[in-house]
Every structure is written in structure tokens, then in C-alpha cells.
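> I have a structure here, written as C-alpha cells, and I will follow up with some questions on it.
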Amino acid sequence: MNYIARLNNKTFKIGIEEKGGNIYSITLEGKRFEADFLQVGVPPLYSLIIDGISYEVSIDEKDDIYDVAMGEDSFSINVIDEKREKLKALKRSQTPDGIQIISTVMPGKVIKIFPKEGDKIRRDDPVVVVAAMKMENELRSPKDGVVISIKVKEGQTVEGGAVLAVIE
């Protein structure tokens with residue numbers, strides 16, 4: 001499997017292939033090597049052997065961020081699989097053009113309205129929160145633009161498909 005890793009504002013391509021047992025073939029920036037990787041204690045403690053040199057490594061992972069400690073060295077590295085990175089880049093590049101309508105799929109109650117008419121807004125900024133079926137749904141802007149119209153008020157009950165805001 002191929003990964004993209006970011007460390008200290010540098011990006012690296014990593015390929016990892018399981019060979020069997022604890023042995024992995026790793027390609028890092030075109031260089032290939034074998035690694036023996038084994039959990040040796042209560043997570044997050046591991047043994048890593050590369051080129052006959054043994055390392056005791058502590059790895060703590062949360063949301064694609066790996067905090068790694070080896071001896072007295074420690075660092076945080078962001079790792080994401082290459083397919084997911086490509087999908088994220090594709091999504092970022094597909095910003096809709098023209099007027100965009102923010103609407104709700106289900107009937108509910110408008111809990112919060114973030115921008116005012118005429119406000120500049122950025123892609124993924126929250127626009128409206130609608131409570132439906134005991135859940136709050138935050139509807140976000142699909143693009144950078146200007147809020148040209150807010151069609152609802154806080155506390156208002158809306159039907160499914162109702163237009164809540166318009167962004168240009």
C-alpha cells in the first residue's frame with residue numbers, strides 16, 4: 001500500500017508491502033529496505049529492526065497523526081494513504097461555480113445562522129445549523145463567495161428541501 005507522509009513541512013512517498021510474519025518491504029523515496037516490526041509490550045511499544053539495527057519505538061496514533069518516540073528522539077508525522085490523499089485533492093479542486101443554494105434534506109428547526117447577508121464566506125464555513133430527529137446538522141458553504149440571501153430565521157421550522165441561504 002502507498003502512503004503520503006508529512007514531517008517538518010516535507011512530504012515523503014512511502015510504499016509498504018507485507019512479506020509475511022513481521023517482515024515488511026518498505027520503499028521510501030525510491031530506496032527499498034526490509035524491516036522487522038513487532039509489538040513487544042503494551043501498545044504503543046514496538047521493536048523495529050532495519051539493516052540489523054534494533055530500535056525500540058513508541059507509536060501513538062490519533063486521526064492520521066503518529067507521535068513517534070525512538071530513544072531520545074521524538075516527532076509527529078502525518079500519514080495518509082495515497083488514494084485518500086488523491087480523493088481529498090480532487091474534492092478541493094472541484095469547487096462549484098455560480099450561485100449555490102444551501103438547503104436542508106429533512107424537515108427541522110433552524111438553530112443557528114452564522115453569516116449575515118452580504119458577508120464574505122469561505123468554502124466549508126458553517127452557514128446554518130438545523131435540528132432534525134434529535135440531531136444537529138451543520139450545513140457548510142460549498143465555495144468561497146458572498147452570502148446574497150438568508151431565507152430563514154433562527155427558531156424557524158422548515159420543510160425538507162427548503163432553501164436556507166444562497167451564496168454567489
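We name chains A, B, ... following the order of the C-alpha cells; residues begin at 1 in each chain, and ligands are numbered from 1 as shown.
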Just list as a PyMOL selection string whatever in chain A DSSP marks as strand (DSSP E).
chain A and resi 2-7+10-20+23-28+31-39+45-50+53-62+65-70+73-81+100-103+108-113+120-121+126-132+135-140+145-150+157-158+163-167
> Can you list, as a list in words, every protein, DNA or RNA residue that comes within 10 Å of A:Gln39 when you count only C-alpha atoms, leaving out same-chain residues fewer than 4 positions away?
Asn22, Pro43, Pro44, Leu45, Tyr46, Ser47, Leu48, Glu56, Val57 and Ser58 of chain A
> Once you have the residues from the selection above, write them out as an mmCIF file, in the first residue's frame, restricted to N, CA and C atoms.

data_model
loop_
_atom_site.group_PDB
_atom_site.id
_atom_site.type_symbol
_atom_site.label_atom_id
_atom_site.label_comp_id
_atom_site.auth_asym_id
_atom_site.auth_seq_id
_atom_site.Cartn_x
_atom_site.Cartn_y
_atom_site.Cartn_z
ATOM 1 N N ASN A 22 6.487 -10.824 10.531
ATOM 2 C CA ASN A 22 6.679 -9.422 10.946
ATOM 3 C C ASN A 22 7.527 -8.648 9.943
ATOM 4 N N PRO A 43 0.704 -1.738 23.915
ATOM 5 C CA PRO A 43 0.759 -0.661 22.923
ATOM 6 C C PRO A 43 0.915 0.664 23.641
ATOM 7 N N PRO A 44 1.719 1.482 23.184
ATOM 8 C CA PRO A 44 2.267 1.590 21.828
ATOM 9 C C PRO A 44 3.749 1.233 21.712
ATOM 10 N N LEU A 45 4.257 0.158 22.333
ATOM 11 C CA LEU A 45 5.673 -0.190 22.321
ATOM 12 C C LEU A 45 5.957 -1.259 21.269
ATOM 13 N N TYR A 46 6.956 -0.997 20.397
ATOM 14 C CA TYR A 46 7.272 -1.884 19.292
ATOM 15 C C TYR A 46 8.777 -2.072 19.176
ATOM 16 N N SER A 47 9.163 -3.189 18.537
ATOM 17 C CA SER A 47 10.546 -3.435 18.164
ATOM 18 C C SER A 47 10.634 -3.262 16.647
ATOM 19 N N LEU A 48 11.639 -2.522 16.209
ATOM 20 C CA LEU A 48 11.856 -2.280 14.782
ATOM 21 C C LEU A 48 13.304 -2.620 14.478
ATOM 22 N N GLU A 56 13.838 0.471 19.699
ATOM 23 C CA GLU A 56 12.618 0.380 20.495
ATOM 24 C C GLU A 56 11.828 1.645 20.176
ATOM 25 N N VAL A 57 10.600 1.465 19.713
ATOM 26 C CA VAL A 57 9.809 2.579 19.208
ATOM 27 C C VAL A 57 8.462 2.633 19.918
ATOM 28 N N SER A 58 8.077 3.820 20.315
ATOM 29 C CA SER A 58 6.742 4.047 20.866
ATOM 30 C C SER A 58 5.956 4.827 19.820
#
> Just the helix (DSSP H, G or I) stuff from stretch 24-94 of chain A, please, per backbone DSSP, written as a count of residues only.
12
> Need to verify the contact set: A:Ser149, 8 Å, only C-alpha atoms, exclusion of same-chain residues closer than 3 positions in sequence. Can you return it as a ChimeraX atom specification?
/A:117-118,165-167
> For the selection just defined, write its residues with N, CA and C atoms to a file, as a CSV table (one decimal), in the first residue's frame.

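Contents of the output file selection_20.csv:
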chain,number,residue,atom,x,y,z
A,117,GLU,N,-26.5,38.4,5.5
A,117,GLU,CA,-26.5,38.7,4.0
A,117,GLU,C,-25.4,39.8,3.8
A,118,GLY,N,-24.6,39.5,2.7
A,118,GLY,CA,-23.6,40.4,2.3
A,118,GLY,C,-22.2,40.0,2.9
A,165,ALA,N,-30.2,29.4,2.4
A,165,ALA,CA,-29.3,30.5,2.1
A,165,ALA,C,-28.9,30.4,0.7
A,166,VAL,N,-28.4,31.5,0.1
A,166,VAL,CA,-27.9,31.5,-1.3
A,166,VAL,C,-26.5,32.2,-1.2
A,167,ILE,N,-25.6,31.5,-1.9
A,167,ILE,CA,-24.2,32.0,-1.9
A,167,ILE,C,-23.8,32.2,-3.4
> Write out as a ChimeraX atom specification which residues come within 7 Å of A:Met106 when counting only C-alpha atoms, dropping same-chain ones fewer than 6 positions away.
/A:132,159-161
> Looking at only C-alpha atoms, which of A:Thr157, A:Tyr24, A:Glu138, A:Tyr55 is the one that sits closest to A:Asp73?
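That would be A:Tyr55, the residue with the smallest distance to A:Asp73.
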> Please provide as a short mmCIF file (atom, residue, chain, number, x, y, z; two decimals) with C-alpha atoms, in the first residue's frame all residues within 12 Å of A:Gly108, with the sequence filter that same-chain residues fewer than 2 positions apart are discarded (counting only C-alpha atoms).

data_model
loop_
_atom_site.label_atom_id
_atom_site.label_comp_id
_atom_site.auth_asym_id
_atom_site.auth_seq_id
_atom_site.Cartn_x
_atom_site.Cartn_y
_atom_site.Cartn_z
CA SER A 103 -30.98 23.67 1.58
CA THR A 104 -31.98 21.01 4.08
CA VAL A 105 -32.90 17.47 3.13
CA MET A 106 -35.14 16.80 6.14
CA VAL A 110 -33.18 26.30 12.38
CA ILE A 111 -30.97 26.50 15.46
CA VAL A 128 -26.82 27.16 9.13
CA VAL A 129 -27.46 24.55 11.83
CA VAL A 130 -30.75 22.65 11.54
CA ALA A 131 -32.01 20.28 14.24
CA ALA A 132 -33.79 17.25 12.83
CA MET A 133 -34.61 13.95 14.52
CA LYS A 134 -32.77 14.94 17.73
CA MET A 135 -29.56 15.69 15.78
CA GLU A 136 -27.99 18.99 14.82
CA ASN A 137 -26.86 19.19 11.19
CA VAL A 152 -34.81 31.67 7.21
CA GLU A 154 -33.30 31.21 13.91
CA GLY A 155 -36.07 29.21 15.59
CA GLN A 156 -38.00 28.78 12.34
CA THR A 157 -39.34 25.32 11.41
CA VAL A 158 -38.53 24.32 7.83
CA GLU A 159 -39.71 21.58 5.49
CA GLY A 160 -37.37 19.14 3.71
CA GLY A 161 -35.89 20.75 0.61
CA ALA A 162 -36.37 24.28 1.98
CA LEU A 164 -31.98 28.28 3.72
#
> Using only C-alpha atoms, which residues sit within 12 Å of A:Phe12 once same-chain residues fewer than 3 positions away are excluded, as a list of chain:residue names?
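Surrounding residues, per the criterion: A:Asn2, A:Tyr3, A:Ile4, A:Ala5, A:Arg6, A:Leu7, A:Asn8, A:Asn9, A:Gly15, A:Thr27, A:Leu28, A:Glu29, A:Gly30, A:Lys31, A:Ile77, A:Asn78, A:Val79, A:Ile80, A:Asp81, A:Glu82.
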> Restricting the output to C-alpha atoms, write the selected residues as a compact mmCIF listing (two decimals), in the first residue's frame.

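For reference, result_4.txt as written:
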# COMPACT_ATOMS: atom_id res chain seq x y z
CA ASN A 2 1.25 3.51 -0.77
CA TYR A 3 1.21 6.39 1.70
CA ILE A 4 1.95 10.09 1.83
CA ALA A 5 3.80 11.18 4.98
CA ARG A 6 4.40 14.76 6.12
CA LEU A 7 7.17 15.56 8.58
CA ASN A 8 8.58 19.03 9.31
CA ASN A 9 6.92 20.57 6.22
CA GLY A 15 5.32 2.06 -0.06
CA THR A 27 10.15 1.85 -0.20
CA LEU A 28 10.97 5.38 0.95
CA GLU A 29 11.71 7.96 -1.71
CA GLY A 30 12.81 5.23 -4.14
CA LYS A 31 15.03 3.33 -1.66
CA ILE A 77 4.22 12.62 11.45
CA ASN A 78 1.02 12.88 9.42
CA VAL A 79 0.40 9.71 7.38
CA ILE A 80 -2.44 9.19 4.93
CA ASP A 81 -2.90 6.54 2.28
CA GLU A 82 -2.23 7.78 -1.23
